[in-house]
$ cat final00.pdb   # PDB, C-alpha atoms
ATOM      1  CA  MET D   1      40.729  39.643 -15.370  1.00  0.00           C
ATOM      2  CA  VAL D   2      38.072  37.546 -17.133  1.00  0.00           C
ATOM      3  CA  THR D   3      37.241  35.798 -13.850  1.00  0.00           C
ATOM      4  CA  GLN D   4      36.785  39.144 -12.081  1.00  0.00           C
ATOM      5  CA  VAL D   5      34.469  40.408 -14.817  1.00  0.00           C
ATOM      6  CA  ALA D   6      32.458  37.177 -14.798  1.00  0.00           C
ATOM      7  CA  ARG D   7      32.204  37.334 -11.002  1.00  0.00           C
ATOM      8  CA  ALA D   8      31.021  40.963 -11.141  1.00  0.00           C
ATOM      9  CA  ILE D   9      28.381  40.118 -13.761  1.00  0.00           C
ATOM     10  CA  GLY D  10      27.262  37.093 -11.752  1.00  0.00           C
ATOM     11  CA  LEU D  11      26.891  39.125  -8.575  1.00  0.00           C
ATOM     12  CA  LYS D  12      24.915  41.757 -10.414  1.00  0.00           C
ATOM     13  CA  LEU D  13      22.525  39.131 -11.835  1.00  0.00           C
ATOM     14  CA  GLY D  14      22.131  37.353  -8.494  1.00  0.00           C
ATOM     15  CA  LEU D  15      23.700  34.108  -9.777  1.00  0.00           C
ATOM     16  CA  PRO D  16      25.201  32.956  -6.450  1.00  0.00           C
ATOM     17  CA  LYS D  17      21.715  32.864  -4.902  1.00  0.00           C
ATOM     18  CA  LEU D  18      20.302  31.063  -7.960  1.00  0.00           C
ATOM     19  CA  LEU D  19      23.173  28.574  -8.029  1.00  0.00           C
ATOM     20  CA  GLY D  20      22.770  27.974  -4.301  1.00  0.00           C
ATOM     21  CA  ARG D  21      19.135  26.973  -4.857  1.00  0.00           C
ATOM     22  CA  LYS D  22      20.122  24.633  -7.697  1.00  0.00           C
ATOM     23  CA  GLU D  23      22.805  23.040  -5.507  1.00  0.00           C
ATOM     24  CA  ASP D  24      20.194  22.515  -2.776  1.00  0.00           C
ATOM     25  CA  GLU D  25      17.843  20.876  -5.298  1.00  0.00           C
ATOM     26  CA  VAL D  26      20.607  18.610  -6.593  1.00  0.00           C
ATOM     27  CA  ALA D  27      21.550  17.660  -3.015  1.00  0.00           C
ATOM     28  CA  GLU D  28      17.911  16.812  -2.269  1.00  0.00           C
ATOM     29  CA  ILE D  29      17.661  14.618  -5.391  1.00  0.00           C
ATOM     30  CA  ALA D  30      20.930  12.890  -4.429  1.00  0.00           C
ATOM     31  CA  LYS D  31      19.480  12.067  -0.984  1.00  0.00           C
ATOM     32  CA  VAL D  32      16.375  10.528  -2.542  1.00  0.00           C
ATOM     33  CA  LEU D  33      18.461   8.487  -4.994  1.00  0.00           C
ATOM     34  CA  ALA D  34      20.753   7.280  -2.195  1.00  0.00           C
ATOM     35  CA  GLY D  35      17.712   6.109  -0.242  1.00  0.00           C
ATOM     36  CA  MET D  36      16.334   4.340  -3.316  1.00  0.00           C
ATOM     37  CA  MET D  37      19.645   2.573  -3.830  1.00  0.00           C
ATOM     38  CA  LEU D  38      19.749   1.348  -0.224  1.00  0.00           C
ATOM     39  CA  VAL D  39      16.191   0.018  -0.436  1.00  0.00           C
ATOM     40  CA  GLY D  40      16.945  -1.534  -3.844  1.00  0.00           C
ATOM     41  CA  VAL D  41      19.990  -3.407  -2.555  1.00  0.00           C
ATOM     42  CA  GLU D  42      17.861  -4.977   0.199  1.00  0.00           C
ATOM     43  CA  LYS D  43      14.981  -5.858  -2.116  1.00  0.00           C
ATOM     44  CA  ARG D  44      17.313  -7.236  -4.794  1.00  0.00           C
ATOM     45  CA  ALA D  45      18.988  -9.613  -2.336  1.00  0.00           C
ATOM     46  CA  ARG D  46      15.600 -11.153  -1.476  1.00  0.00           C
ATOM     47  CA  CYS D  47      13.977 -11.208  -4.937  1.00  0.00           C
ATOM     48  CA  ILE D  48      13.292 -14.420  -6.871  1.00  0.00           C
ATOM     49  CA  HIS D  49      13.955 -12.610 -10.164  1.00  0.00           C
ATOM     50  CA  TYR D  50      17.533 -11.585  -9.305  1.00  0.00           C
ATOM     51  CA  ASP D  51      20.323 -13.761 -10.688  1.00  0.00           C
ATOM     52  CA  PRO D  52      23.372 -13.115  -8.472  1.00  0.00           C
ATOM     53  CA  SER D  53      25.705 -15.004 -10.831  1.00  0.00           C
ATOM     54  CA  THR D  54      25.064 -12.508 -13.666  1.00  0.00           C
ATOM     55  CA  GLY D  55      23.709  -9.514 -11.755  1.00  0.00           C
ATOM     56  CA  LEU D  56      20.707  -9.451 -14.106  1.00  0.00           C
ATOM     57  CA  CYS D  57      16.999  -9.311 -13.436  1.00  0.00           C
ATOM     58  CA  ARG D  58      15.413 -12.402 -14.993  1.00  0.00           C
ATOM     59  CA  PHE D  59      11.990 -10.716 -15.175  1.00  0.00           C
ATOM     60  CA  LEU D  60      12.436  -7.150 -16.409  1.00  0.00           C
ATOM     61  CA  ARG D  61      13.244  -6.683 -20.076  1.00  0.00           C
ATOM     62  CA  ILE D  62      13.445  -3.525 -22.135  1.00  0.00           C
ATOM     63  CA  ALA D  63      13.182  -3.161 -25.913  1.00  0.00           C
ATOM     64  CA  TYR D  64      16.091  -0.758 -26.371  1.00  0.00           C
ATOM     65  CA  PRO D  65      19.364  -0.291 -24.504  1.00  0.00           C
ATOM     66  CA  LEU D  66      19.654   2.929 -22.552  1.00  0.00           C
ATOM     67  CA  PRO D  67      23.118   4.483 -22.878  1.00  0.00           C
ATOM     68  CA  TRP D  68      23.382   5.288 -19.159  1.00  0.00           C
ATOM     69  CA  MET D  69      22.263   1.840 -18.014  1.00  0.00           C
ATOM     70  CA  SER D  70      24.180  -1.437 -17.917  1.00  0.00           C
ATOM     71  CA  VAL D  71      22.203  -4.059 -19.868  1.00  0.00           C
ATOM     72  CA  ASP D  72      22.807  -7.411 -21.577  1.00  0.00           C
ATOM     73  CA  LYS D  73      21.261  -8.376 -24.892  1.00  0.00           C
ATOM     74  CA  ASP D  74      18.867 -11.329 -24.614  1.00  0.00           C
ATOM     75  CA  GLY D  75      17.373 -12.202 -27.995  1.00  0.00           C
ATOM     76  CA  ASP D  76      15.564  -9.121 -29.286  1.00  0.00           C
ATOM     77  CA  GLU D  77      15.427  -7.481 -25.854  1.00  0.00           C
ATOM     78  CA  TYR D  78      17.765  -6.313 -23.114  1.00  0.00           C
ATOM     79  CA  ARG D  79      17.973  -7.319 -19.472  1.00  0.00           C
ATOM     80  CA  ILE D  80      18.946  -4.769 -16.855  1.00  0.00           C
ATOM     81  CA  ARG D  81      22.049  -5.458 -14.780  1.00  0.00           C
ATOM     82  CA  VAL D  82      20.414  -4.574 -11.475  1.00  0.00           C
ATOM     83  CA  SER D  83      23.640  -5.341  -9.627  1.00  0.00           C
ATOM     84  CA  LYS D  84      24.751  -1.941 -10.953  1.00  0.00           C
ATOM     85  CA  HIS D  85      21.320  -0.290 -10.772  1.00  0.00           C
ATOM     86  CA  PRO D  86      19.651  -1.174  -7.451  1.00  0.00           C
ATOM     87  CA  GLU D  87      17.430   1.892  -7.795  1.00  0.00           C
ATOM     88  CA  ILE D  88      15.433  -0.126 -10.356  1.00  0.00           C
ATOM     89  CA  CYS D  89      14.698  -2.799  -7.728  1.00  0.00           C
ATOM     90  CA  SER D  90      13.533  -0.214  -5.211  1.00  0.00           C
ATOM     91  CA  VAL D  91      10.581   0.803  -7.391  1.00  0.00           C
ATOM     92  CA  CYS D  92       9.960  -2.517  -9.181  1.00  0.00           C
ATOM     93  CA  PRO D  93       6.287  -3.579  -9.124  1.00  0.00           C
ATOM     94  CA  PHE D  94       7.274  -7.176 -10.013  1.00  0.00           C
ATOM     95  CA  TRP D  95       9.378  -7.796  -6.884  1.00  0.00           C
ATOM     96  CA  LYS D  96       8.665 -11.160  -5.281  1.00  0.00           C
ATOM     97  CA  PRO D  97      10.366 -12.452  -2.151  1.00  0.00           C
ATOM     98  CA  ILE D  98      12.310 -15.673  -2.207  1.00  0.00           C
ATOM     99  CA  ASP D  99      10.224 -18.553  -0.783  1.00  0.00           C
ATOM    100  CA  GLY D 100      10.266 -18.439   2.990  1.00  0.00           C
ATOM    101  CA  ASP D 101      11.237 -14.745   3.043  1.00  0.00           C
ATOM    102  CA  GLU D 102       8.689 -12.475   4.689  1.00  0.00           C
ATOM    103  CA  GLU D 103       7.195  -9.587   2.741  1.00  0.00           C
TER     104      GLU D 103
END
$ encode --input "final00.pdb" --output "structure tokens"
Amino acid sequence: MVTQVARAIGLKLGLPKLLGRKEDEVAEIAKVLAGMMLVGVEKRARCIHYDPSTGLCRFLRIAYPLPWMSVDKDGDEYRIRVSKHPEICSVCPFWKPIDGDEE
């Protein structure tokens, strides 16, 4: 009964159309993020700052841990575990190729 009432109210307010647009926007953002992750994985593998034994970036440091990001404390700062966040590598302005690797 409650579901039928909610569905009737939703139809009257045009919610399915609105939700459909939001789902399309979320799908578009997911595509962009997936592309960033693929690029980041490739860049990370060829970056002099990436430490494959720890999964951390030896260059990037942040002052405060972000609750949604995997980081390790290093003194008074935090290092990002880019092995779990390749999207960071995809947009990193400090990326440098390993010697002998072409840019």
$ resolve_selection --input "final00.pdb" --expression "the PyMOL selection byres ((chain D and resi 34-43) around 7)" --output "PyMOL selection string"
chain D and resi 30-33+44-47+86-90
$ closest_residue --input "final00.pdb" --among "D:Arg58, D:Glu28, D:Lys22, D:Tyr50" --to "D:Pro97" --atoms "only C-alpha atoms"
D:Tyr50
$ atom_distance --input "final00.pdb" --atom1 "atom CA of D:Phe94" --atom2 "atom CA of D:Ile29"
24.6 Å
$ residues_near_point --input "final00.pdb" --point "(27.5, -0.6, -17.3)" --cutoff "8 Å" --atoms "only C-alpha atoms" --output "short mmCIF file (atom, residue, chain, number, x, y, z; two decimals) with C-alpha atoms, keeping the file's coordinate frame"
data_model
loop_
_atom_site.label_atom_id
_atom_site.label_comp_id
_atom_site.auth_asym_id
_atom_site.auth_seq_id
_atom_site.Cartn_x
_atom_site.Cartn_y
_atom_site.Cartn_z
CA TRP D 68 23.38 5.29 -19.16
CA MET D 69 22.26 1.84 -18.01
CA SER D 70 24.18 -1.44 -17.92
CA VAL D 71 22.20 -4.06 -19.87
CA ARG D 81 22.05 -5.46 -14.78
CA LYS D 84 24.75 -1.94 -10.95
#
$ axis_aligned_box --input "final00.pdb" --around "stretch 60-66 of chain D" --padding-each-side "8 Å" --output "AutoDock Vina command-line options"
--center_x 16.0 --center_y -2.1 --center_z -21.4 --size_x 23.2 --size_y 26.1 --size_z 26.0
$ atom_distance --input "final00.pdb" --atom1 "atom CA of D:Cys92" --atom2 "atom CA of D:Ile80"
12.0 Å
$ atom_distance --input "final00.pdb" --atom1 "atom CA of D:Ile98" --atom2 "atom CA of D:His49"
8.7 Å
$ residues_around --input "final00.pdb" --residues "D:Asp72" --least-positions-apart "6" --cutoff "10 Å" --atoms "all atoms listed in the file" --output "PDB file with C-alpha atoms, keeping the file's coordinate frame"
ATOM      1  CA  THR D  54      25.064 -12.508 -13.666  1.00  0.00           C
ATOM      2  CA  LEU D  56      20.707  -9.451 -14.106  1.00  0.00           C
ATOM      3  CA  ARG D  61      13.244  -6.683 -20.076  1.00  0.00           C
ATOM      4  CA  PRO D  65      19.364  -0.291 -24.504  1.00  0.00           C
ATOM      5  CA  TYR D  78      17.765  -6.313 -23.114  1.00  0.00           C
ATOM      6  CA  ARG D  79      17.973  -7.319 -19.472  1.00  0.00           C
ATOM      7  CA  ILE D  80      18.946  -4.769 -16.855  1.00  0.00           C
ATOM      8  CA  ARG D  81      22.049  -5.458 -14.780  1.00  0.00           C
TER       9      ARG D  81
END
$ closest_residue --input "final00.pdb" --among "D:Ala27, D:Arg21, D:Pro67, D:Cys57" --to "D:Lys96" --atoms "only C-alpha atoms"
D:Cys57
